[in-house]
Structures are given as C-alpha cells and as structure tokens.
>>> print(open('my_file_30.txt').read())   # compact mmCIF, C-alpha atoms
# COMPACT_ATOMS: atom_id res chain seq x y z
CA MET X 351 -246.51 -104.37 8.30
CA ALA X 352 -243.33 -102.64 9.44
CA LYS X 353 -241.17 -105.40 7.97
CA ARG X 354 -242.90 -105.13 4.60
CA ARG X 355 -242.18 -101.43 4.43
CA ARG X 356 -238.48 -102.09 4.98
CA VAL X 357 -238.32 -104.84 2.34
CA ARG X 358 -239.92 -102.93 -0.53
CA PRO X 359 -237.11 -100.34 -0.96
CA VAL X 360 -234.58 -103.18 -0.99
CA ILE X 361 -236.48 -105.02 -3.72
CA ILE X 362 -236.75 -101.85 -5.79
CA LEU X 363 -233.03 -101.15 -5.34
CA VAL X 364 -232.12 -104.68 -6.45
CA PHE X 365 -234.38 -104.36 -9.49
CA VAL X 366 -232.79 -101.03 -10.49
CA LEU X 367 -229.28 -102.47 -10.08
CA VAL X 368 -230.17 -105.45 -12.27
CA LEU X 369 -231.53 -103.18 -14.99
CA ALA X 370 -228.41 -101.00 -14.80
CA GLY X 371 -226.22 -104.07 -15.10
CA VAL X 372 -228.09 -105.31 -18.16
CA ALA X 373 -227.91 -101.88 -19.79
CA GLY X 374 -224.22 -101.62 -19.01
CA ALA X 375 -223.49 -105.03 -20.48
CA TRP X 376 -225.47 -104.15 -23.63
CA TRP X 377 -223.53 -100.87 -24.02
CA PHE X 378 -220.21 -102.63 -23.50
CA LEU X 379 -220.92 -105.34 -26.05
CA ARG X 380 -222.23 -102.86 -28.59
CA ASN X 381 -219.17 -100.64 -28.35
CA LYS X 382 -216.57 -103.40 -27.97
CA THR X 383 -217.81 -105.58 -30.84
CA PRO X 384 -214.81 -106.12 -33.12
CA MET X 385 -215.14 -104.36 -36.46
CA GLN X 386 -215.63 -106.87 -39.25
CA PHE X 387 -214.57 -106.07 -42.81
CA VAL X 388 -215.46 -108.17 -45.84
CA ARG X 389 -213.88 -107.71 -49.25
CA TYR X 390 -216.34 -107.02 -52.05
CA GLU X 391 -214.59 -107.02 -55.41
CA GLU X 392 -217.62 -105.36 -57.01
CA PHE X 393 -217.11 -102.31 -54.78
CA GLY X 394 -213.33 -102.62 -54.88
CA ILE X 395 -212.91 -102.23 -51.12
CA ASP X 396 -213.31 -103.96 -47.78
CA MET X 397 -216.69 -103.05 -46.29
CA PRO X 398 -217.52 -102.76 -42.56
CA VAL X 399 -220.36 -105.26 -42.37
CA ASN X 400 -221.28 -104.30 -38.80
CA TYR X 401 -223.44 -101.61 -40.41
CA SER X 402 -226.38 -102.15 -42.74
CA ILE X 403 -226.95 -98.68 -44.26
CA HIS X 404 -224.35 -97.65 -46.87
CA GLY X 405 -223.87 -94.49 -48.90
CA ILE X 406 -221.46 -92.37 -50.92
CA ASP X 407 -220.44 -88.72 -51.19
CA ILE X 408 -219.59 -87.03 -54.48
CA SER X 409 -218.64 -83.78 -56.19
CA LYS X 410 -217.81 -82.64 -59.72
CA PHE X 411 -214.73 -84.85 -59.62
CA GLN X 412 -216.96 -87.89 -60.12
CA GLY X 413 -218.16 -86.47 -63.45
CA SER X 414 -221.54 -87.43 -64.87
CA VAL X 415 -223.22 -89.97 -62.59
CA ASN X 416 -225.77 -92.55 -63.73
CA TRP X 417 -227.87 -92.48 -60.57
CA MET X 418 -230.21 -95.29 -61.60
CA ALA X 419 -227.19 -97.57 -62.01
CA VAL X 420 -225.95 -96.48 -58.58
CA ARG X 421 -229.29 -97.28 -57.01
CA GLN X 422 -229.76 -100.61 -58.78
CA MET X 423 -226.36 -102.00 -57.80
CA GLN X 424 -226.67 -104.54 -55.01
CA VAL X 425 -224.12 -107.07 -53.82
CA GLU X 426 -225.60 -109.52 -51.31
CA GLU X 427 -227.30 -107.19 -48.80
CA ILE X 428 -225.25 -104.10 -49.61
CA ARG X 429 -226.68 -101.27 -51.72
CA ILE X 430 -226.35 -97.49 -51.82
CA SER X 431 -229.13 -95.89 -49.77
CA PHE X 432 -227.91 -92.31 -49.33
CA ALA X 433 -225.57 -89.79 -50.96
CA PHE X 434 -224.00 -86.54 -49.82
CA ILE X 435 -223.53 -84.16 -52.75
CA LYS X 436 -221.22 -81.15 -52.80
CA ALA X 437 -223.15 -77.93 -53.34
CA THR X 438 -220.92 -74.97 -52.51
CA GLU X 439 -217.50 -73.83 -51.35
CA GLY X 440 -216.52 -70.56 -49.71
CA ILE X 441 -218.55 -67.45 -50.56
CA THR X 442 -218.80 -67.78 -54.36
CA ARG X 443 -218.00 -71.29 -55.59
CA GLN X 444 -220.77 -73.65 -56.61
CA ASP X 445 -220.26 -77.23 -57.71
CA ALA X 446 -220.92 -77.48 -61.45
CA THR X 447 -222.63 -80.87 -61.17
CA PHE X 448 -224.74 -80.19 -58.07
CA LYS X 449 -228.05 -79.36 -59.72
CA ARG X 450 -228.03 -82.44 -61.93
CA ASN X 451 -226.85 -84.74 -59.13
CA TRP X 452 -229.42 -83.32 -56.74
CA GLU X 453 -232.32 -83.94 -59.10
CA LYS X 454 -231.18 -87.32 -60.43
CA ALA X 455 -230.41 -88.75 -56.99
CA LYS X 456 -233.95 -88.02 -55.86
CA THR X 457 -235.43 -89.52 -59.03
CA ALA X 458 -233.41 -92.69 -58.40
CA GLY X 459 -234.83 -92.95 -54.89
CA ILE X 460 -231.61 -92.24 -53.02
CA ILE X 461 -231.79 -90.21 -49.81
CA ARG X 462 -229.75 -87.09 -50.51
CA GLY X 463 -227.82 -84.53 -48.52
CA ALA X 464 -225.93 -81.38 -49.56
CA TYR X 465 -222.64 -80.14 -48.15
CA HIS X 466 -220.68 -76.91 -48.06
CA PHE X 467 -216.87 -76.75 -47.97
CA PHE X 468 -216.11 -74.14 -45.31
CA TYR X 469 -213.25 -71.68 -44.88
CA SER X 470 -212.81 -69.94 -41.54
CA THR X 471 -210.98 -67.15 -43.41
CA ARG X 472 -214.16 -66.22 -45.34
CA ASP X 473 -217.26 -64.41 -44.11
CA PRO X 474 -219.48 -67.17 -42.63
CA LEU X 475 -222.71 -65.26 -43.37
CA LYS X 476 -221.77 -64.93 -47.03
CA GLN X 477 -220.90 -68.62 -47.08
CA ALA X 478 -224.33 -69.40 -45.63
CA ILE X 479 -225.97 -67.24 -48.31
CA ASN X 480 -224.01 -69.06 -51.00
CA PHE X 481 -225.38 -72.39 -49.77
CA LYS X 482 -228.96 -71.18 -49.35
CA ASN X 483 -228.98 -69.71 -52.85
CA VAL X 484 -228.10 -73.10 -54.32
CA VAL X 485 -229.77 -75.70 -52.08
CA GLN X 486 -233.52 -76.09 -51.66
CA LEU X 487 -233.88 -78.80 -49.05
CA GLU X 488 -237.16 -80.73 -49.00
CA SER X 489 -238.89 -83.15 -46.67
CA GLY X 490 -236.94 -86.40 -46.70
CA ASP X 491 -233.58 -84.77 -47.37
CA LEU X 492 -230.71 -85.02 -44.91
CA PRO X 493 -229.78 -81.88 -42.92
CA PRO X 494 -227.25 -79.45 -44.45
CA VAL X 495 -223.61 -80.40 -43.90
CA LEU X 496 -220.70 -78.22 -42.81
CA ASP X 497 -217.54 -79.71 -44.33
CA ILE X 498 -214.86 -78.22 -42.09
CA GLU X 499 -211.42 -79.79 -42.40
CA VAL X 500 -208.88 -77.01 -43.10
CA HIS X 501 -207.64 -74.51 -40.52
CA ASN X 502 -205.88 -72.02 -42.88
CA ASN X 503 -203.59 -71.09 -39.97
CA GLN X 504 -206.51 -69.78 -37.95
CA PRO X 505 -206.66 -70.28 -34.16
CA PRO X 506 -209.32 -72.59 -32.72
CA ALA X 507 -211.33 -69.64 -31.35
CA VAL X 508 -211.75 -68.14 -34.83
CA ILE X 509 -212.64 -71.49 -36.36
CA ARG X 510 -215.24 -72.13 -33.67
CA SER X 511 -216.83 -68.70 -33.88
CA THR X 512 -217.13 -68.67 -37.68
CA ALA X 513 -218.37 -72.26 -37.83
CA ARG X 514 -220.99 -71.46 -35.19
CA ILE X 515 -222.36 -68.60 -37.29
CA TRP X 516 -222.76 -70.82 -40.36
CA LEU X 517 -224.38 -73.61 -38.37
CA GLU X 518 -226.86 -71.28 -36.69
CA GLU X 519 -227.79 -69.72 -40.03
CA MET X 520 -228.49 -73.17 -41.44
CA GLU X 521 -230.64 -74.13 -38.49
CA LYS X 522 -232.70 -70.95 -38.88
CA ALA X 523 -233.10 -71.53 -42.61
CA TYR X 524 -234.00 -75.23 -42.60
CA GLY X 525 -235.30 -75.88 -39.09
CA VAL X 526 -232.90 -78.75 -38.29
CA LYS X 527 -229.48 -79.04 -36.73
CA PRO X 528 -226.82 -79.29 -39.45
CA ILE X 529 -224.35 -82.15 -39.66
CA ILE X 530 -220.63 -81.51 -39.13
CA TYR X 531 -218.17 -83.37 -41.38
CA THR X 532 -214.54 -83.56 -40.32
CA ASN X 533 -211.90 -85.93 -38.94
CA ILE X 534 -211.38 -86.73 -35.28
CA HIS X 535 -208.13 -84.79 -34.97
CA PHE X 536 -209.65 -81.62 -36.43
CA TYR X 537 -212.78 -81.97 -34.32
CA GLU X 538 -210.89 -82.40 -31.06
CA THR X 539 -208.29 -79.73 -31.87
CA TYR X 540 -210.41 -76.96 -33.35
CA LEU X 541 -214.07 -77.59 -32.46
CA GLY X 542 -214.41 -79.53 -29.24
CA LYS X 543 -217.22 -80.17 -26.81
CA GLU X 544 -219.24 -77.03 -27.56
CA PHE X 545 -220.25 -78.64 -30.88
CA ASP X 546 -221.23 -82.00 -29.42
CA GLU X 547 -224.93 -81.26 -29.93
CA TYR X 548 -224.50 -81.47 -33.70
CA PRO X 549 -224.64 -84.80 -35.57
CA LEU X 550 -221.12 -85.82 -36.58
CA TRP X 551 -220.03 -87.32 -39.91
CA VAL X 552 -216.47 -88.46 -39.35
CA ALA X 553 -213.74 -89.24 -41.89
CA HIS X 554 -211.57 -92.16 -40.82
CA TYR X 555 -209.92 -94.50 -43.33
CA TYR X 556 -206.65 -96.29 -44.09
CA GLN X 557 -207.03 -97.98 -40.70
CA LYS X 558 -209.35 -100.94 -40.28
CA ASP X 559 -211.18 -99.83 -37.21
CA LYS X 560 -214.20 -97.72 -36.43
CA PRO X 561 -213.52 -94.07 -35.50
CA ARG X 562 -212.04 -93.70 -32.04
CA SER X 563 -213.92 -90.81 -30.54
CA ALA X 564 -215.26 -90.02 -27.10
CA ARG X 565 -218.45 -88.66 -28.67
CA ASN X 566 -221.08 -90.30 -30.82
CA TRP X 567 -221.02 -90.07 -34.60
CA VAL X 568 -223.83 -90.79 -37.07
CA PHE X 569 -221.96 -91.21 -40.37
CA TRP X 570 -218.54 -92.73 -40.97
CA GLN X 571 -216.58 -92.11 -44.19
CA HIS X 572 -214.50 -95.28 -44.20
CA SER X 573 -212.97 -95.30 -47.71
CA ASP X 574 -212.12 -92.91 -50.54
CA ILE X 575 -211.37 -95.54 -53.20
CA GLY X 576 -214.67 -97.37 -53.62
CA ARG X 577 -216.32 -98.32 -56.91
CA VAL X 578 -219.99 -98.14 -57.83
CA ASN X 579 -221.86 -98.89 -61.02
CA GLY X 580 -222.71 -95.62 -62.79
CA ILE X 581 -219.60 -93.74 -61.59
CA ARG X 582 -216.42 -93.88 -63.67
CA THR X 583 -214.07 -92.68 -60.92
CA THR X 584 -213.42 -93.92 -57.41
CA VAL X 585 -215.79 -92.56 -54.79
CA ASP X 586 -215.99 -92.09 -51.03
CA PHE X 587 -217.94 -94.73 -49.11
CA ASN X 588 -219.86 -94.16 -45.88
CA VAL X 589 -221.98 -96.04 -43.39
CA PHE X 590 -224.82 -94.82 -41.20
CA ARG X 591 -224.87 -95.70 -37.52
CA GLY X 592 -228.43 -96.89 -37.19
CA ASP X 593 -231.22 -98.60 -39.10
CA SER X 594 -233.47 -97.35 -41.89
CA SER X 595 -235.99 -95.80 -39.50
CA ASP X 596 -233.19 -93.91 -37.71
CA LEU X 597 -232.02 -92.54 -41.05
CA VAL X 598 -235.51 -91.36 -41.94
CA ASN X 599 -235.89 -89.72 -38.52
CA LEU X 600 -232.67 -87.78 -39.08
CA CYS X 601 -234.04 -86.29 -42.30
CA ILE X 602 -236.04 -83.09 -42.63
CA PRO X 603 -239.69 -83.77 -41.68
>>> encode(input="my_file_30.txt", output="structure tokens")
Amino acid sequence: MAKRRRVRPVIILVFVLVLAGVAGAWWFLRNKTPMQFVRYEEFGIDMPVNYSIHGIDISKFQGSVNWMAVRQMQVEEIRISFAFIKATEGITRQDATFKRNWEKAKTAGIIRGAYHFFYSTRDPLKQAINFKNVVQLESGDLPPVLDIEVHNNQPPAVIRSTARIWLEEMEKAYGVKPIIYTNIHFYETYLGKEFDEYPLWVAHYYQKDKPRSARNWVFWQHSDIGRVNGIRTTVDFNVFRGDSSDLVNLCIP
C-alpha cells in the first residue's frame, strides 16, 4: 500500500507534463504557422488565407454602397461577413453616409460595427455623447470601436486618460467592452498594457506578415486597396481571428 501511494503522484505529474507539452506544441504551431497569401484578382489584392472570416471597413469616402452586391460576392470560399462603418469623429462630426450604410448592411445580412475617430485634444465625454446620439447598437452588432491613431502632440498620459473615459462611457452605455482600433506602434507607444483587456483591431499592411504584437488581437486590417462588388472605390480589408461562432460571441447579446 505504501508503494502505491508514492507512485500515484508520479503518474499524475507525468500526465500533467504530457498535457502541458501537447498544449505548448499546439500554441507554438498555431503562432509560428507561416502566413499564406493568395492573389485574388476579383478583390484586387493578396488575401491572408490562414483566416476564414473576412470583412471591410468604410466611411463616406466609399460613396454609395450597394450592400446586397457586397454580400453576394464570393470568390471560392471568401466572402464579406462583417463591416465596420464610420459613425462619428470628434465632438460634432457625423459621417454623412452612416445611417444609410448602417441600415443597408443589416438588411444585406452583414454583421456590422460602428466606429468613432477619436481626438485626445477634444472632450472625451462630448465625443462619447456624439457617438451615442448617432449609433443605436442592437443584439448581433459588434461592440463600439475607438479609432485612435493620432497623438496631436499629446503625451501618452493624456492620450490614455482621455481614451479611458470614452471607453468606459461606451461600456456603460452598451454593456460590452469596446474594441480599440490602432496600429502596433501607436498602441505600444501611447496606450500600453493597461488597455490589454480590450479587444484589439490592428492596422498592419504593406508588409506580408501578420501583426507582430506581444498581445492578442481579434481583427487585422491587412489592406487598404481592396475591391468589392458594389463599391466603386478601393476599400480596407480585414480578417477576424476566429471562426463564425467566435464572431457571434463577440457581438452584443
């Protein structure tokens, strides 16, 4: 009996170490898998085919969008499943095409999200009010997005404090953590680890590689020169880091 008691902890330890090794190997392979791009002439760009969920982001600069044509376009397995739509900027500006895009995207069956272009030199509460006055998020919509990519000569402390106010106001208003959109350099320079609890949408293009960041990201804007049926201009392309059920779980319940 005494020998059995000594053996059991050893067996358990070996089992735990094996599981840890398997998990570690899975993590390594997942994160070290070479990024594969395939050229799709229909979209006009090379697409990262390691990801299965694709989307776009637009503003008034894309003009009048035929959302049914956007939704119906499919090349092999690639189609547009989600769209981020510009809603507001600063404390007074509102995108002239937002209302139409917001309604038509939903009618076409595209998962939609709204974003606000943020200035750390403007009152963050007034910027939050501007967004809330324009955007009525519903169940199935993506969380609100803070587009923060200009520093306007403000120190990191000011950028962090004003961004935090906007983010907290959004979470109180909509009941979900907002998404942060920016590039890796801006994130690491002006935001940093205290914002790591927020989902990250990262801009990284002109280099054929996935974003190099120490923290996880959920959306990757990989091109700003894509083409889609129903849009006359070029448009930003994005991928989602997950499957369709992950995307639904990220949305407002």
>>> residues_around(input="my_file_30.txt", residues="Asp497 of chain X", least_positions_apart="5", cutoff="9 Å", atoms="only C-alpha atoms", output="ChimeraX atom specification")
/X:465-468,529-532
>>> residues_around(input="my_file_30.txt", residues="His501 of chain X", least_positions_apart="4", cutoff="10 Å", atoms="all atoms listed in the file", output="mmCIF file with C-alpha atoms, in the coordinates of the input")
data_model
loop_
_atom_site.group_PDB
_atom_site.id
_atom_site.type_symbol
_atom_site.label_atom_id
_atom_site.label_comp_id
_atom_site.auth_asym_id
_atom_site.auth_seq_id
_atom_site.Cartn_x
_atom_site.Cartn_y
_atom_site.Cartn_z
ATOM 1 C CA PHE X 468 -216.110 -74.140 -45.310
ATOM 2 C CA TYR X 469 -213.250 -71.680 -44.880
ATOM 3 C CA SER X 470 -212.810 -69.940 -41.540
ATOM 4 C CA THR X 471 -210.980 -67.150 -43.410
ATOM 5 C CA PRO X 505 -206.660 -70.280 -34.160
ATOM 6 C CA PRO X 506 -209.320 -72.590 -32.720
ATOM 7 C CA VAL X 508 -211.750 -68.140 -34.830
ATOM 8 C CA ILE X 509 -212.640 -71.490 -36.360
ATOM 9 C CA PHE X 536 -209.650 -81.620 -36.430
ATOM 10 C CA TYR X 540 -210.410 -76.960 -33.350
#
>>> axis_aligned_box(input="my_file_30.txt", around="segment 418-426 of chain X", padding_each_side="4 Å", output="lines of an AutoDock Vina configuration file")
center_x = -227.2
center_y = -102.4
center_z = -56.7
size_x = 14.1
size_y = 22.2
size_z = 18.7
>>> atom_distance(input="my_file_30.txt", atom1="atom CA of Pro549 of chain X", atom2="atom CA of Thr512 of chain X")
17.9 Å
>>> residues_around(input="my_file_30.txt", residues="segment 389-399 of chain X", least_positions_apart="5", cutoff="10 Å", atoms="only C-alpha atoms", output="ChimeraX atom specification")
/X:404,423-428,558-560,572-579,584-585,587-589
>>> closest_residue(input="my_file_30.txt", among="X:Ser409, X:Asn483, X:Thr583, X:Thr539", to="Arg450 of chain X", atoms="only C-alpha atoms")
X:Ser409
>>> closest_residue(input="my_file_30.txt", among="X:Asp593, X:Pro561, X:Val484, X:Met418", to="Met385 of chain X", atoms="all atoms listed in the file")
X:Pro561
>>> closest_residue(input="my_file_30.txt", among="X:Asn480, X:Thr447, X:Thr442, X:Asn566", to="Ile408 of chain X", atoms="all atoms listed in the file")
X:Thr447
>>> atom_distance(input="my_file_30.txt", atom1="atom CA of Pro474 of chain X", atom2="atom CA of Trp570 of chain X")
25.6 Å
>>> residues_around(input="my_file_30.txt", residues="Asn416 of chain X", least_positions_apart="4", cutoff="10 Å", atoms="only C-alpha atoms", output="ChimeraX atom specification")
/X:420-421,451,454-455,458,578-582
>>> residues_around(input="my_file_30.txt", residues="Pro528 of chain X", least_positions_apart="5", cutoff="6 Å", atoms="all atoms listed in the file", output="PyMOL selection string")
chain X and resi 493-495
>>> atom_distance(input="my_file_30.txt", atom1="atom CA of Tyr556 of chain X", atom2="atom CA of Gly592 of chain X")
22.9 Å
>>> closest_residue(input="my_file_30.txt", among="X:Gln486, X:Leu550, X:Gln557, X:Arg510", to="Arg591 of chain X", atoms="all atoms listed in the file")
X:Leu550
>>> closest_residue(input="my_file_30.txt", among="X:Leu541, X:Ile406, X:Ala433, X:Ile479", to="Leu492 of chain X", atoms="only C-alpha atoms")
X:Ala433
>>> closest_residue(input="my_file_30.txt", among="X:Val526, X:Ile403, X:Leu487, X:Ala478", to="Ala513 of chain X", atoms="only C-alpha atoms")
X:Ala478
